[in-house]
file protein.tsv (TSV, C-alpha atoms)
chain	number	residue	atom	x	y	z
Z	832	MET	CA	17.68	-15.16	37.50
Z	833	LEU	CA	19.63	-12.80	35.24
Z	834	ILE	CA	17.27	-11.01	32.88
Z	835	THR	CA	18.88	-9.67	29.71
Z	836	HIS	CA	17.79	-6.67	27.67
Z	837	GLU	CA	16.71	-9.04	24.86
Z	838	ARG	CA	14.61	-11.03	27.34
Z	839	GLU	CA	12.92	-7.84	28.59
Z	840	LYS	CA	12.19	-6.90	24.99
Z	841	LEU	CA	10.75	-10.36	24.21
Z	842	ILE	CA	8.46	-10.24	27.24
Z	843	ASN	CA	7.28	-6.74	26.38
Z	844	VAL	CA	6.69	-7.63	22.72
Z	845	ILE	CA	4.47	-10.52	23.83
Z	846	VAL	CA	2.56	-8.21	26.19
Z	847	TYR	CA	2.20	-5.61	23.43
Z	848	PHE	CA	0.76	-8.06	20.90
Z	849	ALA	CA	-1.49	-9.59	23.57
Z	850	GLN	CA	-2.88	-6.11	24.33
Z	851	HIS	CA	-3.23	-5.00	20.71
Z	852	THR	CA	-4.55	-8.05	18.82
Z	853	GLN	CA	-7.49	-10.44	19.00
Z	854	HIS	CA	-7.48	-14.26	18.78
Z	855	PHE	CA	-3.96	-14.18	20.22
Z	856	GLY	CA	-2.72	-17.69	20.79
Z	857	LYS	CA	0.65	-19.40	20.59
Z	858	ILE	CA	0.65	-19.81	16.79
Z	859	LYS	CA	-0.28	-16.17	16.13
Z	860	LEU	CA	2.36	-15.08	18.65
Z	861	PHE	CA	5.06	-17.14	16.94
Z	862	LYS	CA	4.12	-15.71	13.54
Z	863	LEU	CA	4.07	-12.11	14.80
Z	864	LEU	CA	7.46	-12.52	16.50
Z	865	TYR	CA	8.91	-13.93	13.28
Z	866	LEU	CA	7.46	-11.11	11.18
Z	867	LEU	CA	8.74	-8.50	13.64
Z	868	ASP	CA	12.24	-9.92	13.91
Z	869	PHE	CA	12.73	-10.55	10.21
Z	870	GLU	CA	11.29	-7.19	9.14
Z	871	HIS	CA	13.47	-5.34	11.64
Z	872	PHE	CA	16.49	-7.32	10.45
Z	873	ARG	CA	15.63	-6.47	6.84
Z	874	GLN	CA	15.71	-2.79	7.75
Z	875	THR	CA	18.60	-2.67	10.24
Z	876	GLY	CA	20.65	-5.87	10.28
Z	877	ARG	CA	19.45	-7.00	13.71
Z	878	SER	CA	16.41	-8.68	15.20
Z	879	VAL	CA	14.30	-7.20	17.99
Z	880	THR	CA	14.16	-10.23	20.31
Z	881	GLY	CA	17.33	-12.15	19.45
Z	882	LEU	CA	15.30	-15.34	19.03
Z	883	GLU	CA	16.45	-18.14	16.76
Z	884	TYR	CA	13.76	-19.53	14.47
Z	885	ARG	CA	13.56	-23.08	13.15
Z	886	ALA	CA	11.68	-24.31	10.08
Z	887	TRP	CA	8.82	-26.56	11.15
Z	888	GLU	CA	5.96	-27.75	8.96
Z	889	LEU	CA	3.49	-25.21	10.33
Z	890	GLY	CA	5.97	-22.36	9.95
Z	891	PRO	CA	8.84	-20.65	11.69
Z	892	VAL	CA	9.18	-21.53	15.38
Z	893	PRO	CA	11.13	-19.46	17.94
Z	894	ILE	CA	12.78	-22.49	19.47
Z	895	ARG	CA	13.70	-21.11	22.93
Z	896	LEU	CA	10.17	-19.83	23.49
Z	897	MET	CA	8.69	-23.10	22.22
Z	898	GLN	CA	10.82	-25.03	24.71
Z	899	GLU	CA	9.67	-22.75	27.54
Z	900	TRP	CA	5.98	-22.70	26.57
Z	901	GLU	CA	4.74	-25.52	28.82
Z	902	ASP	CA	6.61	-24.21	31.88
Z	903	LEU	CA	7.09	-20.44	31.65
Z	904	LYS	CA	10.01	-18.94	33.52
Z	905	PRO	CA	8.96	-16.69	36.41
Z	906	ASP	CA	9.61	-13.42	34.53
Z	907	LEU	CA	7.38	-14.40	31.60
Z	908	ALA	CA	4.78	-16.04	33.85
Z	909	ALA	CA	4.50	-12.72	35.74
Z	910	ALA	CA	3.83	-10.88	32.47
Z	911	ILE	CA	1.36	-13.25	30.76
Z	912	SER	CA	-0.88	-16.20	31.41
Z	913	ILE	CA	-1.78	-18.90	28.92
Z	914	GLU	CA	-5.44	-19.81	29.06
Z	915	PRO	CA	-7.08	-22.62	27.08
Z	916	GLU	CA	-9.93	-21.30	24.93
Z	917	ARG	CA	-12.29	-23.58	23.03
Z	918	VAL	CA	-12.52	-22.55	19.37
Z	919	ILE	CA	-14.90	-24.72	17.34
Z	920	ASP	CA	-12.80	-27.89	16.86
Z	921	TYR	CA	-9.62	-27.13	18.82
Z	922	VAL	CA	-8.32	-25.41	21.95
Z	923	ARG	CA	-6.35	-22.20	21.43
Z	924	GLU	CA	-3.66	-21.42	23.99
Z	925	THR	CA	-4.70	-17.79	24.39
Z	926	VAL	CA	-2.06	-15.40	25.67
Z	927	VAL	CA	-3.46	-12.95	28.23
Z	928	PRO	CA	-1.37	-10.01	29.44
Z	929	ARG	CA	-0.81	-9.68	33.19
Z	930	ALA	CA	1.63	-6.77	33.04
Z	931	GLU	CA	1.67	-3.40	31.36
Z	932	PHE	CA	3.70	-2.86	28.22
Z	933	ASP	CA	6.93	-0.88	28.78
Z	934	ASP	CA	7.99	0.97	25.64
Z	935	SER	CA	11.28	2.16	27.16
Z	936	TYR	CA	13.10	-0.92	25.83
Z	937	PHE	CA	12.38	-0.12	22.17
Z	938	SER	CA	13.53	2.20	19.43
Z	939	LYS	CA	11.00	4.26	17.48
Z	940	ARG	CA	11.50	1.91	14.51
Z	941	GLU	CA	10.80	-1.19	16.63
Z	942	LEU	CA	7.65	0.42	18.05
Z	943	ARG	CA	6.50	1.45	14.57
Z	944	ILE	CA	6.96	-2.07	13.16
Z	945	MET	CA	5.16	-3.59	16.16
Z	946	ALA	CA	2.25	-1.16	15.71
Z	947	GLU	CA	2.07	-1.86	11.97
Z	948	LEU	CA	1.98	-5.62	12.55
Z	949	ALA	CA	-0.60	-5.32	15.34
Z	950	ASN	CA	-2.81	-3.14	13.12
Z	951	ARG	CA	-2.44	-5.41	10.08
Z	952	TYR	CA	-3.16	-8.63	11.99
Z	953	ARG	CA	-5.37	-7.33	14.84
Z	954	ASP	CA	-8.46	-9.34	13.92
Z	955	VAL	CA	-6.80	-12.06	11.85
Z	956	TYR	CA	-6.81	-15.71	12.95
Z	957	SER	CA	-3.44	-17.48	12.78
Z	958	PRO	CA	-4.33	-19.75	9.79
Z	959	LYS	CA	-4.78	-16.60	7.65
Z	960	MET	CA	-1.18	-15.62	8.49
Z	961	ILE	CA	0.24	-18.79	6.94
Z	962	ASP	CA	0.35	-17.24	3.47
Z	963	VAL	CA	2.59	-14.49	4.85
Z	964	THR	CA	5.02	-16.61	6.86
Z	965	HIS	CA	5.09	-19.35	4.19
Z	966	ALA	CA	5.57	-16.98	1.23
Z	967	GLU	CA	7.25	-18.59	-1.76
Z	968	ASN	CA	10.98	-17.83	-1.69
Z	969	GLY	CA	10.55	-16.28	1.76
Z	970	ALA	CA	13.00	-17.13	4.54
Z	971	TRP	CA	10.95	-20.06	5.95
Z	972	ASP	CA	10.21	-21.46	2.48
Z	973	ARG	CA	13.85	-21.38	1.44
Z	974	VAL	CA	14.89	-23.35	4.52
Z	975	TRP	CA	11.84	-25.65	4.69
Z	976	SER	CA	12.38	-26.79	1.10
Z	977	ASN	CA	9.42	-29.21	1.03
Z	978	GLY	CA	10.40	-30.69	4.39
Z	979	MET	CA	14.07	-31.25	3.61
Z	980	GLY	CA	14.96	-28.41	6.01
Z	981	PHE	CA	12.84	-29.55	8.95
Z	982	ASP	CA	14.15	-28.10	12.23
Z	983	GLN	CA	16.93	-26.19	10.47
Z	984	ARG	CA	17.77	-22.66	11.62
Z	985	ILE	CA	16.25	-19.87	9.53
Z	986	ALA	CA	19.10	-17.41	9.03
Z	987	TYR	CA	18.12	-13.78	9.40
Z	988	ASP	CA	19.99	-12.79	6.26
Z	989	LEU	CA	17.31	-14.69	4.31
Z	990	ALA	CA	15.06	-11.70	5.10
Z	991	LEU	CA	17.05	-9.78	2.50
Z	992	ALA	CA	16.32	-10.32	-1.16
Z	993	ASP	CA	19.36	-10.88	-3.35
Z	994	ASP	CA	18.58	-7.64	-5.18
Z	995	GLU	CA	17.89	-5.62	-2.00
Z	996	PRO	CA	19.43	-2.17	-2.66
Z	997	TYR	CA	21.21	-1.93	0.71
Z	998	ARG	CA	21.85	-5.64	1.20
Z	999	ASP	CA	25.62	-5.38	1.63
Z	1000	ALA	CA	25.37	-2.46	4.07
Z	1001	ILE	CA	22.71	-4.25	6.15
Z	1002	LEU	CA	24.75	-7.47	6.27
Z	1003	GLU	CA	27.83	-5.47	7.29
Z	1004	ALA	CA	25.82	-3.78	10.07
Z	1005	ALA	CA	24.58	-7.21	11.19
Z	1006	GLU	CA	28.12	-8.53	11.33
Z	1007	GLU	CA	29.30	-5.53	13.35
Z	1008	TYR	CA	26.37	-5.90	15.76
Z	1009	GLN	CA	27.15	-9.59	16.29
Z	1010	ALA	CA	30.81	-8.72	16.97
Z	1011	ILE	CA	29.71	-6.20	19.62
Z	1012	LEU	CA	27.43	-8.78	21.24
Z	1013	SER	CA	30.18	-11.40	21.22
Z	1014	SER	CA	32.72	-9.09	22.85
Z	1015	ALA	CA	30.17	-7.96	25.46
Z	1016	ARG	CA	29.38	-11.57	26.41
Z	1017	GLY	CA	32.81	-12.46	26.83
call {"tool": "encode", "arguments": {"input": "protein.tsv", "output": "structure tokens"}}
result
Amino acid sequence: MLITHEREKLINVIVYFAQHTQHFGKIKLFKLLYLLDFEHFRQTGRSVTGLEYRAWELGPVPIRLMQEWEDLKPDLAAAISIEPERVIDYVRETVVPRAEFDDSYFSKRELRIMAELANRYRDVYSPKMIDVTHAENGAWDRVWSNGMGFDQRIAYDLALADDEPYRDAILEAAEEYQAILSSARG
């Protein structure tokens, strides 16, 4: 199985958050990935993991990871396990790290954003994160549009406010990065 740089980063981000937060289940993971990718895009014009997010009722969903969740590919299954954990009236799919985090895949900025998110949400349960990922006029909210945008892609450029001071430069950097990726693939 060919493992890409983005895939290595995704696996290591999951391991990092599993090691540095509590109450870490699938929903909290999805929200942290979204916050990481969209914040990094807001700052640089590119995501960390390369995941595509879709607008679902409970928030943004990294669709490829969601599709893989029930049957993890060998590389992710070697890095984490998913263990059912009874929490009052439901069962959380708790993510438990099996591998060590490798920071060599990340820039200082990526590591800083990951650490900030882990610190901010370390002890927070996923329902408390809904206000953040569902913020009015945020990327998810603009696509979700009271359910009219169900399962629609959440474009990364929605991370940038219309009045963002460096909006044009960030979008230009994003376009250049996508051109590089396209030419490298093929």
call {"tool": "residues_around", "arguments": {"input": "protein.tsv", "residues": "Phe932 (chain Z)", "least_positions_apart": "3", "cutoff": "10 Å", "atoms": "all atoms listed in the file", "output": "list in words"}}
result
Lys840, Ile842, Asn843, Val844, Ile845, Val846, Tyr847, Phe848, Ala849, Gln850, Ala910, Pro928, Arg929, Ser935 and Tyr936 of chain Z
call {"tool": "atom_distance", "arguments": {"input": "protein.tsv", "atom1": "CA of Ala909 (chain Z)", "atom2": "CA of Pro891 (chain Z)"}}
result
25.7 Å
call {"tool": "closest_residue", "arguments": {"input": "protein.tsv", "among": "Z:Asp934, Z:Ala1015, Z:Lys857, Z:Gln874", "to": "Glu899 (chain Z)", "atoms": "all atoms listed in the file"}}
result
Z:Lys857
call {"tool": "atom_distance", "arguments": {"input": "protein.tsv", "atom1": "CA of Ala970 (chain Z)", "atom2": "CA of Arg940 (chain Z)"}}
result
21.5 Å
call {"tool": "residues_around", "arguments": {"input": "protein.tsv", "residues": "Val963 (chain Z)", "least_positions_apart": "5", "cutoff": "9 Å", "atoms": "only C-alpha atoms", "output": "ChimeraX atom specification"}}
result
/Z:862,866,969
call {"tool": "write_last_selection", "arguments": {"input": "protein.tsv", "atoms": "C-alpha atoms", "output": "mmCIF file, in the frame of the given file"}}
result
data_model
loop_
_atom_site.group_PDB
_atom_site.id
_atom_site.type_symbol
_atom_site.label_atom_id
_atom_site.label_comp_id
_atom_site.auth_asym_id
_atom_site.auth_seq_id
_atom_site.Cartn_x
_atom_site.Cartn_y
_atom_site.Cartn_z
ATOM 1 C CA LYS Z 862 4.120 -15.710 13.540
ATOM 2 C CA LEU Z 866 7.460 -11.110 11.180
ATOM 3 C CA GLY Z 969 10.550 -16.280 1.760
#
call {"tool": "residues_around", "arguments": {"input": "protein.tsv", "residues": "Leu948 (chain Z)", "least_positions_apart": "6", "cutoff": "10 Å", "atoms": "all atoms listed in the file", "output": "list in words"}}
result
Phe848, His851, Thr852, Leu863, Leu864, Leu866, Leu867 and Leu942 of chain Z
call {"tool": "closest_residue", "arguments": {"input": "protein.tsv", "among": "Z:Leu1002, Z:Ile944, Z:Leu860, Z:Ala908", "to": "Arg923 (chain Z)", "atoms": "only C-alpha atoms"}}
result
Z:Leu860
call {"tool": "atom_distance", "arguments": {"input": "protein.tsv", "atom1": "CA of Asp972 (chain Z)", "atom2": "CA of Gly890 (chain Z)"}}
result
8.6 Å
call {"tool": "residues_near_point", "arguments": {"input": "protein.tsv", "point": "(2.8, -22.2, 4.2)", "cutoff": "12 Å", "atoms": "all atoms listed in the file", "output": "PyMOL selection string"}}
result
chain Z and resi 862+886-891+957-973+975-978
call {"tool": "closest_residue", "arguments": {"input": "protein.tsv", "among": "Z:Val892, Z:Gly856, Z:Ser1013, Z:Met979", "to": "Val918 (chain Z)", "atoms": "all atoms listed in the file"}}
result
Z:Gly856
call {"tool": "closest_residue", "arguments": {"input": "protein.tsv", "among": "Z:Ala949, Z:Ala992, Z:Met897, Z:Ile985", "to": "Gln853 (chain Z)", "atoms": "all atoms listed in the file"}}
result
Z:Ala949
call {"tool": "residues_around", "arguments": {"input": "protein.tsv", "residues": "Gln983 (chain Z)", "least_positions_apart": "2", "cutoff": "6 Å", "atoms": "all atoms listed in the file", "output": "list in words"}}
result
Arg885, Ala886, Gly980 and Phe981 of chain Z
call {"tool": "write_last_selection", "arguments": {"input": "protein.tsv", "atoms": "C-alpha atoms", "output": "PDB file, keeping the file's coordinate frame"}}
result
ATOM      1  CA  ARG Z 885      13.560 -23.080  13.150  1.00  0.00           C
ATOM      2  CA  ALA Z 886      11.680 -24.310  10.080  1.00  0.00           C
ATOM      3  CA  GLY Z 980      14.960 -28.410   6.010  1.00  0.00           C
ATOM      4  CA  PHE Z 981      12.840 -29.550   8.950  1.00  0.00           C
TER       5      PHE Z 981
END
call {"tool": "residues_near_point", "arguments": {"input": "protein.tsv", "point": "(17.5, -1.0, 15.2)", "cutoff": "10 Å", "atoms": "all atoms listed in the file", "output": "ChimeraX atom specification"}}
result
/Z:871-872,874-879,937-941
call {"tool": "closest_residue", "arguments": {"input": "protein.tsv", "among": "Z:Tyr921, Z:Arg895, Z:Arg873, Z:Phe855", "to": "Asp993 (chain Z)", "atoms": "all atoms listed in the file"}}
result
Z:Arg873
